[in-house]
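One file, final18.txt, carrying compact mmCIF, C-alpha atoms:
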```txt
# COMPACT_ATOMS: atom_id res chain seq x y z
CA MET W 893 -6.47 84.87 -5.69
CA ALA W 894 -7.96 81.65 -7.06
CA CYS W 895 -11.43 83.09 -6.69
CA ALA W 896 -10.43 86.29 -8.44
CA ILE W 897 -8.96 84.38 -11.36
CA LEU W 898 -12.04 82.18 -11.62
CA LEU W 899 -14.31 85.21 -11.54
CA LEU W 900 -12.47 86.50 -14.57
CA LEU W 901 -12.52 83.18 -16.37
CA ILE W 902 -16.09 82.02 -15.92
CA PRO W 903 -19.36 83.78 -16.58
CA ALA W 904 -21.54 85.06 -13.74
CA LEU W 905 -23.05 82.48 -11.43
CA VAL W 906 -26.45 81.37 -12.58
CA HIS W 907 -29.36 81.07 -10.19
CA ALA W 908 -31.24 77.79 -10.30
CA HIS W 909 -34.69 77.87 -11.86
CA GLY W 910 -37.63 77.76 -9.46
CA LEU W 911 -35.66 77.79 -6.21
CA GLU W 912 -36.71 79.77 -3.13
CA GLY W 913 -34.49 78.92 -0.19
CA ASP W 914 -34.29 75.14 0.01
CA ARG W 915 -37.49 74.75 -2.00
CA PHE W 916 -37.70 73.85 -5.66
CA PHE W 917 -41.09 74.85 -7.05
CA PRO W 918 -41.49 72.80 -10.23
CA PRO W 919 -43.43 74.15 -13.18
CA THR W 920 -46.77 72.34 -13.03
CA PRO W 921 -49.05 71.70 -16.02
CA LEU W 922 -52.09 73.76 -15.01
CA THR W 923 -50.76 76.32 -12.53
CA ASP W 924 -48.24 78.76 -13.89
CA ASP W 925 -45.39 78.83 -11.36
CA PRO W 926 -44.45 82.17 -9.77
CA PHE W 927 -40.96 82.34 -11.29
CA ALA W 928 -39.98 84.67 -14.09
CA VAL W 929 -37.34 82.43 -15.61
CA ASP W 930 -36.45 80.64 -18.83
CA GLU W 931 -38.83 77.72 -19.38
CA LEU W 932 -39.88 75.56 -22.28
CA ALA W 933 -42.98 73.36 -22.00
CA LEU W 934 -43.28 71.20 -25.08
CA PRO W 935 -45.70 69.63 -25.29
CA ILE W 936 -48.63 69.59 -22.91
CA VAL W 937 -51.12 67.06 -24.24
CA GLN W 938 -54.56 67.28 -22.70
CA TYR W 939 -57.64 65.14 -23.31
CA ASN W 940 -61.00 66.59 -22.36
CA PRO W 941 -64.12 64.51 -22.90
CA ALA W 942 -67.25 66.59 -23.35
CA THR W 943 -70.92 65.94 -23.90
CA THR W 944 -70.94 66.93 -27.53
CA SER W 945 -67.30 66.73 -28.57
CA ASN W 946 -64.14 65.10 -27.24
CA GLU W 947 -61.12 67.41 -27.33
CA VAL W 948 -57.35 66.87 -27.55
CA ASP W 949 -55.13 69.92 -26.95
CA VAL W 950 -51.41 70.11 -27.66
CA THR W 951 -49.84 73.17 -26.06
CA GLY W 952 -46.38 74.67 -26.25
CA SER W 953 -45.04 77.59 -24.25
CA PHE W 954 -41.73 79.39 -24.02
CA SER W 955 -40.66 81.88 -21.37
CA LYS W 956 -37.56 84.12 -21.41
CA GLU W 957 -36.17 86.25 -18.62
CA ILE W 958 -35.64 89.71 -20.09
CA PHE W 959 -34.55 91.69 -17.03
CA PRO W 960 -33.73 90.20 -13.60
CA LYS W 961 -36.98 88.77 -12.20
CA PHE W 962 -38.98 89.85 -15.27
CA ALA W 963 -39.92 87.44 -18.04
CA LEU W 964 -42.03 87.39 -21.17
CA SER W 965 -43.63 84.25 -22.53
CA VAL W 966 -45.70 83.07 -25.46
CA GLN W 967 -48.08 80.14 -25.60
CA ASP W 968 -50.34 78.56 -28.16
CA THR W 969 -52.46 75.42 -28.36
CA TYR W 970 -53.38 73.17 -31.25
CA ILE W 971 -56.91 71.95 -30.70
CA ASN W 972 -58.47 68.84 -32.17
CA LEU W 973 -62.23 68.52 -31.69
CA ASN W 974 -64.08 65.33 -32.46
CA PRO W 975 -67.80 66.09 -32.39
CA LYS W 976 -69.98 63.06 -31.86
CA GLY W 977 -71.55 62.31 -35.22
CA GLY W 978 -69.67 65.05 -37.07
CA PRO W 979 -66.35 65.72 -38.79
CA ALA W 980 -63.24 66.63 -36.77
CA GLN W 981 -62.32 70.29 -36.36
CA ASP W 982 -58.69 71.37 -35.99
CA GLY W 983 -56.88 74.60 -35.47
CA PHE W 984 -54.82 76.86 -33.24
CA SER W 985 -56.16 78.75 -30.28
CA PRO W 986 -55.48 82.49 -29.98
CA ILE W 987 -51.86 83.31 -29.13
CA THR W 988 -51.33 84.21 -25.49
CA PHE W 989 -48.49 86.43 -24.30
CA ASN W 990 -47.57 86.76 -20.64
CA ALA W 991 -45.50 89.23 -18.66
CA LYS W 992 -44.41 88.29 -15.13
CA TYR W 993 -42.38 89.97 -12.38
CA GLN W 994 -41.12 88.41 -9.13
CA LEU W 995 -42.26 91.09 -6.70
CA TRP W 996 -41.43 89.71 -3.26
CA GLU W 997 -39.26 86.80 -2.13
CA ILE W 998 -38.36 85.53 1.35
CA PRO W 999 -36.02 82.56 0.82
CA ASP W 1000 -35.88 81.58 4.50
CA HIS W 1001 -39.67 81.20 4.47
CA GLU W 1002 -39.76 79.61 1.00
CA PHE W 1003 -42.12 82.37 -0.06
CA ILE W 1004 -42.53 84.12 -3.39
CA LEU W 1005 -45.16 86.53 -4.70
CA SER W 1006 -45.26 87.60 -8.33
CA ILE W 1007 -47.51 89.71 -10.51
CA GLY W 1008 -48.19 89.52 -14.19
CA SER W 1009 -50.73 89.54 -16.94
CA ASP W 1010 -51.87 87.35 -19.81
CA PHE W 1011 -52.76 88.92 -23.14
CA THR W 1012 -54.78 86.63 -25.39
CA LEU W 1013 -54.88 88.24 -28.79
CA GLY W 1014 -58.27 88.14 -30.45
CA GLY W 1015 -58.44 87.09 -34.07
CA THR W 1016 -55.22 85.05 -33.96
CA GLY W 1017 -56.86 81.65 -33.58
CA SER W 1018 -58.41 79.37 -36.14
CA LYS W 1019 -61.84 80.42 -37.39
CA ALA W 1020 -62.66 76.74 -37.89
CA LEU W 1021 -63.00 76.29 -34.13
CA PRO W 1022 -66.27 77.05 -32.36
CA SER W 1023 -64.30 78.78 -29.61
CA TYR W 1024 -62.85 81.31 -32.09
CA GLN W 1025 -62.48 84.63 -30.32
CA TYR W 1026 -62.22 87.87 -32.28
CA TYR W 1027 -61.67 90.05 -29.21
CA THR W 1028 -58.64 90.29 -26.93
CA THR W 1029 -58.60 89.18 -23.30
CA TYR W 1030 -56.46 90.73 -20.57
CA THR W 1031 -55.93 88.71 -17.40
CA PRO W 1032 -54.02 90.38 -14.56
CA ASN W 1033 -52.61 87.62 -12.35
CA LEU W 1034 -51.27 87.22 -8.84
CA TYR W 1035 -48.86 84.30 -8.36
CA LEU W 1036 -47.99 82.81 -4.97
CA GLY W 1037 -45.64 80.07 -3.81
CA LYS W 1038 -45.10 78.91 -0.22
CA GLY W 1039 -43.30 75.96 1.28
CA PHE W 1040 -44.24 74.37 4.60
CA ASN W 1041 -40.69 74.45 5.99
CA GLU W 1042 -41.72 76.18 9.24
CA LEU W 1043 -43.76 73.25 10.57
CA PRO W 1044 -42.55 72.00 13.98
CA ASP W 1045 -40.45 68.86 14.39
CA CYS W 1046 -43.52 66.79 15.32
CA LEU W 1047 -44.87 67.52 11.83
CA LYS W 1048 -41.55 67.37 10.00
CA PHE W 1049 -42.78 64.83 7.46
CA LEU W 1050 -45.25 67.47 6.25
CA ARG W 1051 -42.47 69.98 5.53
CA PRO W 1052 -42.10 68.69 1.95
CA LEU W 1053 -45.55 70.14 1.25
CA ALA W 1054 -45.80 73.34 -0.77
CA ILE W 1055 -48.59 75.30 -2.38
CA THR W 1056 -48.69 77.48 -5.47
CA THR W 1057 -51.64 79.54 -6.65
CA VAL W 1058 -52.55 81.79 -9.54
CA THR W 1059 -55.50 84.14 -9.22
CA GLY W 1060 -56.49 86.14 -12.29
CA TYR W 1061 -59.39 88.13 -13.62
CA ASP W 1062 -60.40 87.87 -17.27
CA LEU W 1063 -61.18 91.25 -18.75
CA TYR W 1064 -62.65 90.90 -22.21
CA ALA W 1065 -62.38 93.64 -24.79
CA ASN W 1066 -66.00 92.89 -25.65
CA ALA W 1067 -68.93 94.20 -23.64
CA ALA W 1068 -71.03 91.13 -24.47
CA ALA W 1069 -68.61 88.69 -22.85
CA SER W 1070 -68.81 87.76 -19.19
CA ASN W 1071 -65.76 88.60 -17.12
CA ALA W 1072 -64.52 85.75 -14.98
CA LEU W 1073 -62.30 84.97 -12.04
CA GLU W 1074 -59.68 82.35 -12.90
CA TRP W 1075 -58.20 80.57 -9.90
CA SER W 1076 -55.87 77.64 -10.00
CA GLY W 1077 -53.33 76.08 -7.71
CA SER W 1078 -51.27 73.08 -6.74
CA LEU W 1079 -50.55 71.25 -3.50
CA GLN W 1080 -47.28 69.34 -3.83
CA TYR W 1081 -45.41 66.82 -1.71
CA SER W 1082 -41.75 66.88 -2.73
CA ILE W 1083 -39.92 63.61 -2.14
CA PRO W 1084 -36.61 65.27 -3.18
CA TYR W 1085 -37.21 67.85 -0.44
CA LEU W 1086 -37.89 65.07 2.08
CA GLN W 1087 -34.66 63.30 1.16
CA GLU W 1088 -32.42 66.38 0.91
CA HIS W 1089 -33.69 68.61 3.72
CA VAL W 1090 -35.89 66.72 6.19
CA GLU W 1091 -34.82 63.10 6.53
CA ASP W 1092 -33.10 60.65 4.24
CA VAL W 1093 -35.51 57.74 4.53
CA GLY W 1094 -33.79 55.80 1.78
CA ILE W 1095 -36.31 56.17 -1.04
CA PRO W 1096 -34.61 54.88 -4.21
CA ARG W 1097 -34.69 56.40 -7.66
CA PRO W 1098 -36.85 56.96 -9.64
CA PHE W 1099 -39.30 57.46 -6.76
CA ARG W 1100 -36.82 59.78 -5.01
CA ASP W 1101 -37.27 62.27 -7.87
CA MET W 1102 -41.06 62.32 -7.81
CA ILE W 1103 -43.51 64.91 -6.56
CA PRO W 1104 -47.10 63.75 -6.03
CA LEU W 1105 -49.44 66.68 -6.42
CA VAL W 1106 -53.03 67.81 -6.79
CA GLU W 1107 -53.89 70.74 -9.01
CA TRP W 1108 -57.15 72.61 -9.35
CA GLN W 1109 -58.22 74.90 -12.15
CA MET W 1110 -61.44 76.89 -11.77
CA THR W 1111 -63.39 79.59 -13.58
CA THR W 1112 -66.03 81.65 -11.82
CA PRO W 1113 -68.10 83.99 -14.03
CA THR W 1114 -68.62 87.31 -12.27
CA ASN W 1115 -71.30 89.12 -14.24
CA LYS W 1116 -74.25 88.76 -16.56
CA MET W 1117 -74.25 84.99 -16.90
CA ALA W 1118 -75.67 83.05 -13.99
CA THR W 1119 -73.46 80.04 -14.75
CA PRO W 1120 -71.78 78.17 -11.90
CA THR W 1121 -68.09 77.81 -11.22
CA THR W 1122 -66.57 75.22 -13.51
CA GLY W 1123 -63.28 73.44 -13.28
CA THR W 1124 -61.35 70.31 -12.56
CA ILE W 1125 -59.44 68.68 -9.71
CA ASN W 1126 -56.28 67.05 -11.06
CA PRO W 1127 -54.37 64.53 -8.96
CA GLY W 1128 -51.14 63.35 -10.51
CA ILE W 1129 -47.43 62.83 -10.27
CA LEU W 1130 -44.40 64.69 -11.51
CA TRP W 1131 -40.95 63.24 -12.17
CA GLU W 1132 -37.87 65.46 -12.06
CA GLY W 1133 -35.13 64.43 -14.46
CA LYS W 1134 -31.79 66.08 -15.02
CA TYR W 1135 -32.82 67.97 -18.12
CA CYS W 1136 -36.57 67.58 -18.22
CA GLN W 1137 -39.63 66.98 -16.12
CA ILE W 1138 -42.57 64.78 -17.01
CA SER W 1139 -45.92 64.98 -15.30
CA ALA W 1140 -49.20 63.14 -15.68
CA GLU W 1141 -52.54 64.04 -14.16
CA VAL W 1142 -56.14 62.93 -14.38
CA SER W 1143 -58.76 65.68 -14.66
CA VAL W 1144 -61.90 65.20 -12.60
CA PRO W 1145 -64.69 67.69 -13.36
CA ILE W 1146 -66.15 69.30 -10.23
CA ASN W 1147 -69.73 69.36 -11.56
CA SER W 1148 -71.80 68.45 -14.59
CA ALA W 1149 -71.22 71.88 -16.10
CA SER W 1150 -67.48 71.15 -16.09
CA GLY W 1151 -67.68 68.00 -18.18
CA PRO W 1152 -69.25 64.57 -18.25
CA ALA W 1153 -66.22 62.36 -17.60
CA VAL W 1154 -62.65 62.14 -16.39
CA GLY W 1155 -59.92 63.43 -18.70
CA GLY W 1156 -56.19 63.62 -18.40
CA LEU W 1157 -53.00 65.36 -19.39
CA ILE W 1158 -49.28 64.77 -19.84
CA GLN W 1159 -46.63 67.48 -19.80
CA CYS W 1160 -42.97 67.54 -20.73
CA GLN W 1161 -41.03 70.48 -19.35
CA ILE W 1162 -37.51 70.97 -20.72
CA PHE W 1163 -34.90 72.63 -18.48
CA ILE W 1164 -33.35 74.73 -21.19
CA ASP W 1165 -31.14 76.59 -18.71
CA ASP W 1166 -29.49 73.28 -17.77
CA LEU W 1167 -29.20 72.08 -21.33
CA PHE W 1168 -27.83 75.30 -22.75
CA PRO W 1169 -26.52 77.43 -19.87
CA LYS W 1170 -24.62 79.79 -22.14
CA ILE W 1171 -27.83 80.82 -23.83
CA PHE W 1172 -30.54 80.40 -21.20
CA GLY W 1173 -30.83 80.71 -17.41
CA HIS W 1174 -29.99 84.39 -17.16
CA PRO W 1175 -31.68 87.63 -18.20
CA ILE W 1176 -30.89 89.30 -21.50
CA PHE W 1177 -30.23 92.58 -19.68
CA GLY W 1178 -28.62 92.73 -16.23
CA SER W 1179 -27.79 89.75 -14.03
CA ASP W 1180 -29.59 87.74 -11.39
CA ASP W 1181 -28.85 88.25 -7.72
CA VAL W 1182 -27.21 85.06 -6.46
CA SER W 1183 -26.70 86.33 -2.92
CA ASN W 1184 -29.27 83.86 -1.56
CA ASP W 1185 -26.55 81.85 0.14
CA THR W 1186 -27.78 79.70 3.00
CA THR W 1187 -24.23 79.21 4.24
CA SER W 1188 -24.12 82.78 5.50
CA ASP W 1189 -23.93 83.36 9.24
CA LYS W 1190 -27.12 83.21 11.28
CA MET P 1082 -34.91 63.32 -25.57
CA ARG P 1083 -31.38 64.47 -24.82
CA THR P 1084 -30.01 62.61 -27.82
CA PHE P 1085 -32.53 64.33 -30.03
CA LEU P 1086 -31.75 67.75 -28.60
CA THR P 1087 -28.03 67.06 -28.68
CA LEU P 1088 -28.26 66.30 -32.36
CA ILE P 1089 -30.22 69.45 -33.10
CA PHE P 1090 -28.00 71.78 -31.11
CA THR P 1091 -24.78 70.11 -32.20
CA LEU P 1092 -25.86 70.78 -35.73
CA ALA P 1093 -26.49 74.34 -34.64
CA GLY P 1094 -22.93 74.59 -33.32
CA LEU P 1095 -23.92 74.63 -29.68
CA SER P 1096 -22.96 72.32 -26.87
CA LEU P 1097 -24.78 70.76 -23.96
CA ALA P 1098 -23.67 71.35 -20.42
CA GLN P 1099 -24.28 69.93 -16.97
CA ALA P 1100 -27.22 70.54 -14.68
CA HIS P 1101 -27.74 72.04 -11.24
CA ALA P 1102 -25.86 70.41 -8.37
CA PHE P 1103 -28.35 69.08 -5.83
CA LEU P 1104 -27.54 67.06 -2.73
CA ASP P 1105 -27.74 63.34 -3.47
CA HIS P 1106 -26.98 62.09 0.04
CA ALA P 1107 -24.75 62.85 3.00
CA ASP P 1108 -22.91 61.27 5.88
CA PRO P 1109 -24.24 61.78 8.56
CA ARG P 1110 -27.49 61.19 6.71
CA VAL P 1111 -29.98 64.01 6.38
CA GLY P 1112 -32.14 64.21 9.52
CA SER P 1113 -30.34 61.30 11.17
CA THR P 1114 -29.43 60.69 14.81
CA VAL P 1115 -25.92 59.37 15.42
CA SER P 1116 -24.61 58.01 18.68
CA SER P 1117 -21.04 59.29 18.36
CA SER P 1118 -19.59 62.55 17.11
CA PRO P 1119 -18.85 62.25 13.37
CA SER P 1120 -15.36 63.26 12.27
CA GLN P 1121 -16.65 65.06 9.19
CA VAL P 1122 -19.67 65.95 7.11
CA LYS P 1123 -19.39 64.34 3.70
CA ALA P 1124 -21.87 65.29 1.00
CA TRP P 1125 -22.42 63.72 -2.42
CA TYR P 1126 -23.90 65.92 -5.14
CA THR P 1127 -25.61 65.19 -8.42
CA GLU P 1128 -23.02 67.18 -10.42
CA GLU P 1129 -19.35 68.05 -10.24
CA LEU P 1130 -18.64 71.11 -8.12
CA GLU P 1131 -16.52 74.18 -8.62
CA PRO P 1132 -14.25 74.09 -5.52
CA ALA P 1133 -13.61 77.83 -5.32
CA PHE P 1134 -17.31 78.63 -4.90
CA SER P 1135 -18.67 75.60 -3.03
CA LYS P 1136 -18.74 75.23 0.73
CA ILE P 1137 -20.28 73.50 3.74
CA ARG P 1138 -20.69 75.06 7.17
CA VAL P 1139 -21.98 73.36 10.33
CA PHE P 1140 -23.72 75.27 13.13
CA ASP P 1141 -24.83 74.27 16.63
CA ALA P 1142 -28.24 75.09 18.11
CA GLN P 1143 -26.97 78.51 19.26
CA GLY P 1144 -25.88 79.43 15.74
CA ASN P 1145 -22.15 79.06 16.38
CA GLU P 1146 -20.11 77.61 13.54
CA VAL P 1147 -18.52 74.39 14.80
CA ASP P 1148 -16.79 72.95 11.72
CA SER P 1149 -13.05 73.16 11.15
CA LYS P 1150 -13.42 75.48 8.12
CA ASP P 1151 -11.41 73.15 5.91
CA VAL P 1152 -13.95 72.51 3.15
CA LYS P 1153 -12.61 70.32 0.37
CA VAL P 1154 -13.98 69.14 -2.93
CA ASP P 1155 -12.51 65.73 -3.68
CA PRO P 1156 -10.11 66.25 -6.62
CA THR P 1157 -10.67 62.69 -7.82
CA ASP P 1158 -14.46 62.90 -7.61
CA LYS P 1159 -15.71 66.46 -7.74
CA THR P 1160 -19.23 65.43 -6.75
CA ILE P 1161 -18.01 64.95 -3.16
CA MET P 1162 -17.48 67.80 -0.70
CA THR P 1163 -16.34 67.42 2.93
CA VAL P 1164 -15.66 69.52 6.00
CA SER P 1165 -13.99 68.24 9.18
CA LEU P 1166 -15.59 68.40 12.60
CA PRO P 1167 -14.08 68.57 16.07
CA ARG P 1168 -15.53 66.32 18.76
CA LEU P 1169 -19.12 67.55 19.05
CA PRO P 1170 -21.15 67.54 22.27
CA ALA P 1171 -24.65 66.09 22.24
CA GLY P 1172 -27.08 68.26 20.33
CA THR P 1173 -28.67 69.02 17.00
CA TYR P 1174 -26.50 70.54 14.28
CA GLU P 1175 -27.47 72.36 11.12
CA VAL P 1176 -25.52 71.86 7.93
CA LYS P 1177 -25.67 74.68 5.39
CA TRP P 1178 -24.22 74.09 1.96
CA SER P 1179 -23.69 76.16 -1.12
CA ALA P 1180 -22.76 74.46 -4.36
CA VAL P 1181 -21.72 75.86 -7.69
CA ALA P 1182 -21.71 73.31 -10.47
CA VAL P 1183 -18.99 73.49 -13.08
CA ASP P 1184 -21.52 75.09 -15.44
CA THR P 1185 -21.81 77.94 -12.84
CA HIS P 1186 -25.35 77.09 -11.70
CA HIS P 1187 -25.70 77.96 -8.02
CA THR P 1188 -27.75 75.97 -5.49
CA THR P 1189 -27.97 76.07 -1.71
CA GLY P 1190 -29.51 73.91 0.98
CA THR P 1191 -29.71 72.99 4.64
CA PHE P 1192 -30.25 69.86 6.68
CA SER P 1193 -29.67 68.76 10.25
CA PHE P 1194 -28.37 65.80 12.22
CA THR P 1195 -28.35 65.00 15.93
CA VAL P 1196 -25.55 63.64 18.12
CA THR P 1197 -26.81 61.80 21.20
CA ASN P 1198 -23.78 60.36 23.00
CA PRO P 1199 -20.43 61.73 21.77
```
Spit out the file's structure as structure tokens when you get a sec.
Amino acid sequence: MACAILLLLIPALVHAHGLEGDRFFPPTPLTDDPFAVDELALPIVQYNPATTSNEVDVTGSFSKEIFPKFALSVQDTYINLNPKGGPAQDGFSPITFNAKYQLWEIPDHEFILSIGSDFTLGGTGSKALPSYQYYTTYTPNLYLGKGFNELPDCLKFLRPLAITTVTGYDLYANAAASNALEWSGSLQYSIPYLQEHVEDVGIPRPFRDMIPLVEWQMTTPTNKMATPTTGTINPGILWEGKYCQISAEVSVPINSASGPAVGGLIQCQIFIDDLFPKIFGHPIFGSDDVSNDTTSDK
Amino acid sequence: MRTFLTLIFTLAGLSLAQAHAFLDHADPRVGSTVSSSPSQVKAWYTEELEPAFSKIRVFDAQGNEVDSKDVKVDPTDKTIMTVSLPRLPAGTYEVKWSAVAVDTHHTTGTFSFTVTNP
């Protein structure tokens, strides 16, 4: 009776963002996580030193779950270029829209597979930037997340590890441009997972809420241009707060074509579904399945 | 950050709420080995729980539920949930919990503990 009354009095239960079984997959700065949920990243500040021009990017992105497991997002970046020996150049990058769907989930195996696509609209960026793009880019993406929860007891301290990847293919609406394979990922070691699900080893806060990680972000041209794969390896740390997450990484170029020196980035991710649960944290149409209850019988 | 957002959304006529309830710590401790059978599993969460939707169940290695099915959320501190245990034989036990915070966010989790000499 009490349950029935409560069901009438309170709104539908809300599924936690980024959870698959016991695993929380945090949104990471460079690898879009596989969850189609409400997210607000504001800002991501990135510093990229280059041979001819140092660059500072400030990015904001917002994602909204429209239907259960399906979300739309929008992202844009303000770019500040400081050419060596020349005047600064400022402006917005092209607007990027993204559609994402959570295709396959196995909570007991901490596994999720999602599909989606980026649409970078040509002509929407600042013409003052040398990277101005008048044509649109489509990037179909495959998103993957997997926790290491199945490791045997002798390797239990590796169970907090998890991996996420995004593999996409840039298709340019311009025959002169070179298509490219975009592949990024993260390897994470979750101290909260260690404390809550493996063994409470007594790590105090704030370290208990941290996730050391390494991200990689690569681009491999696939036609016409004989340029090598470029990208960065990004070791860093992520801190999970109650309402936001802050992460910091250094960006190490993998070769000379990727950049001359080490850069870095800082991201603030705001958990808007925790801050404003009446507005965010659930789809506009339909409702999330919250049947993933680990207390069910074996 | 929260103060800033609170100000903005208060001005907008909206209110802030609580966050997801995650396990803070437990007794017996997560992954621990205890020499005697514990009388209960007591779990502390990061947020207040909704008693009607929150529960803890304890299973033995064969998958049989061994707790006394008397889950309680402490009425004086709703971040604490307990379930009683009978005298347990030696073995490893799995605790499965499901927590609904008062803002209706739903989280679940598992952990284990081992009894060596009840």
What is the distance between CA of Asn946 (chain W) and CA of Gln1161 (chain W), in Å to one decimal?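 It comes out at 25.0 Å.
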Among the residues P:Ser1179, P:Thr1188, P:Gln1143, P:Gln1121, the one that comes closest to Asp1108 (chain P) [using all atoms listed in the file]: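 Counting all atoms listed in the file, the residue closest to Asp1108 (chain P) is P:Gln1121.
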Find the nearest atom pair between each residue of chain P and chain W for residues within 10 Å, count only C-alpha atoms, give distances in Å to one decimal, sort rows by chain and ascending number, and present the table as a tab-separated table.
```
residue	atom	partner	partner_atom	distance
P:Met1082	CA	W:Cys1136	CA	8.7
P:Arg1083	CA	W:Tyr1135	CA	7.7
P:Leu1086	CA	W:Leu1167	CA	8.8
P:Thr1087	CA	W:Leu1167	CA	9.0
P:Phe1090	CA	W:Phe1168	CA	9.1
P:Leu1095	CA	W:Phe1168	CA	8.0
P:Ser1096	CA	W:Phe1168	CA	7.0
P:Leu1097	CA	W:Leu1167	CA	5.3
P:Ala1098	CA	W:Leu1167	CA	5.7
P:Gln1099	CA	W:Asp1166	CA	6.2
P:Ala1100	CA	W:Asp1166	CA	4.7
P:His1101	CA	W:Ala908	CA	6.8
P:Ala1102	CA	W:Ala908	CA	9.3
P:Phe1103	CA	W:Glu1088	CA	8.3
P:Leu1104	CA	W:Glu1088	CA	6.1
P:Asp1105	CA	W:Glu1088	CA	7.1
P:His1106	CA	W:Glu1088	CA	7.0
P:Ala1107	CA	W:Glu1088	CA	8.7
P:Pro1109	CA	W:Asp1092	CA	9.9
P:Arg1110	CA	W:Asp1092	CA	6.2
P:Val1111	CA	W:Glu1091	CA	4.9
P:Gly1112	CA	W:Glu1091	CA	4.2
P:Ser1113	CA	W:Glu1091	CA	6.7
P:Thr1127	CA	W:Lys1134	CA	9.1
P:Glu1128	CA	W:Lys1134	CA	10.0
P:Glu1131	CA	W:Leu898	CA	9.6
P:Pro1132	CA	W:Cys895	CA	9.5
P:Ala1133	CA	W:Cys895	CA	5.9
P:Phe1134	CA	W:Cys895	CA	7.6
P:Ser1135	CA	W:Thr1187	CA	9.8
P:Lys1136	CA	W:Thr1187	CA	7.6
P:Ile1137	CA	W:Thr1187	CA	7.0
P:Arg1138	CA	W:Thr1187	CA	6.2
P:Val1139	CA	W:Thr1187	CA	8.7
P:Phe1140	CA	W:Lys1190	CA	8.8
P:Gln1143	CA	W:Lys1190	CA	9.3
P:Gly1144	CA	W:Lys1190	CA	6.0
P:Asn1145	CA	W:Lys1190	CA	8.2
P:Glu1146	CA	W:Asp1189	CA	8.1
P:Val1176	CA	W:Thr1187	CA	8.3
P:Lys1177	CA	W:Thr1187	CA	4.9
P:Trp1178	CA	W:Thr1187	CA	5.6
P:Ser1179	CA	W:Thr1187	CA	6.2
P:Ala1180	CA	W:Asp1185	CA	9.4
P:Val1181	CA	W:Leu905	CA	7.7
P:Ala1182	CA	W:Leu905	CA	9.3
P:Val1183	CA	W:Ile902	CA	9.4
P:Asp1184	CA	W:Pro1169	CA	7.1
P:Thr1185	CA	W:Leu905	CA	4.9
P:His1186	CA	W:Val906	CA	4.5
P:His1187	CA	W:His907	CA	5.3
P:Thr1188	CA	W:Ala908	CA	6.2
P:Thr1189	CA	W:Thr1186	CA	5.9
P:Gly1190	CA	W:Asp914	CA	5.0
P:Thr1191	CA	W:His1089	CA	6.0
P:Phe1192	CA	W:His1089	CA	4.7
P:Ser1193	CA	W:His1089	CA	7.7
P:Phe1194	CA	W:Glu1091	CA	9.0
```
Of the candidates W:Glu947, W:Asp968, W:Asp1000, W:Glu957, which one gets nearest to Ala980 (chain W) if we count all atoms listed in the file? W:Glu947
Would you compute the box with edges along x, y and z of the file around region 1131-1134 of chain W, including every atom the file lists for it and 3 Å extra on each side, and give its centre and edge lengths in Å to one decimal, as JSON?
```
{"center_x": -36.4, "center_y": 64.7, "center_z": -13.5, "size_x": 15.2, "size_y": 8.8, "size_z": 9.0}
```
What gap, in Å, lies between CA of Asp925 (chain W) and CA of Ser953 (chain W)?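 Going from CA of Asp925 (chain W) over to CA of Ser953 (chain W), I get 13.0 Å.
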Return region 955-964 of chain W, completed with N, CA and C atoms, as a JSON list (two decimals), in the coordinates of the input.
```json
[["chain", "number", "residue", "atom", "x", "y", "z"],
["W", 955, "SER", "N", -40.81, 80.70, -22.22],
["W", 955, "SER", "CA", -40.66, 81.88, -21.37],
["W", 955, "SER", "C", -39.19, 82.29, -21.35],
["W", 956, "LYS", "N", -38.95, 83.61, -21.42],
["W", 956, "LYS", "CA", -37.56, 84.12, -21.41],
["W", 956, "LYS", "C", -37.43, 85.28, -20.44],
["W", 957, "GLU", "N", -36.44, 85.17, -19.56],
["W", 957, "GLU", "CA", -36.17, 86.25, -18.62],
["W", 957, "GLU", "C", -35.50, 87.40, -19.38],
["W", 958, "ILE", "N", -36.15, 88.55, -19.34],
["W", 958, "ILE", "CA", -35.64, 89.71, -20.09],
["W", 958, "ILE", "C", -34.75, 90.55, -19.19],
["W", 959, "PHE", "N", -35.30, 91.00, -18.07],
["W", 959, "PHE", "CA", -34.55, 91.69, -17.03],
["W", 959, "PHE", "C", -34.55, 90.77, -15.80],
["W", 960, "PRO", "N", -33.67, 91.02, -14.81],
["W", 960, "PRO", "CA", -33.73, 90.20, -13.60],
["W", 960, "PRO", "C", -35.13, 90.19, -13.00],
["W", 961, "LYS", "N", -35.67, 89.01, -12.81],
["W", 961, "LYS", "CA", -36.98, 88.77, -12.20],
["W", 961, "LYS", "C", -38.15, 89.19, -13.09],
["W", 962, "PHE", "N", -37.90, 89.47, -14.35],
["W", 962, "PHE", "CA", -38.98, 89.85, -15.27],
["W", 962, "PHE", "C", -38.86, 89.01, -16.54],
["W", 963, "ALA", "N", -39.96, 88.33, -16.88],
["W", 963, "ALA", "CA", -39.92, 87.44, -18.04],
["W", 963, "ALA", "C", -41.14, 87.67, -18.93],
["W", 964, "LEU", "N", -40.95, 87.39, -20.20],
["W", 964, "LEU", "CA", -42.03, 87.39, -21.17],
["W", 964, "LEU", "C", -42.19, 85.98, -21.72]]
```
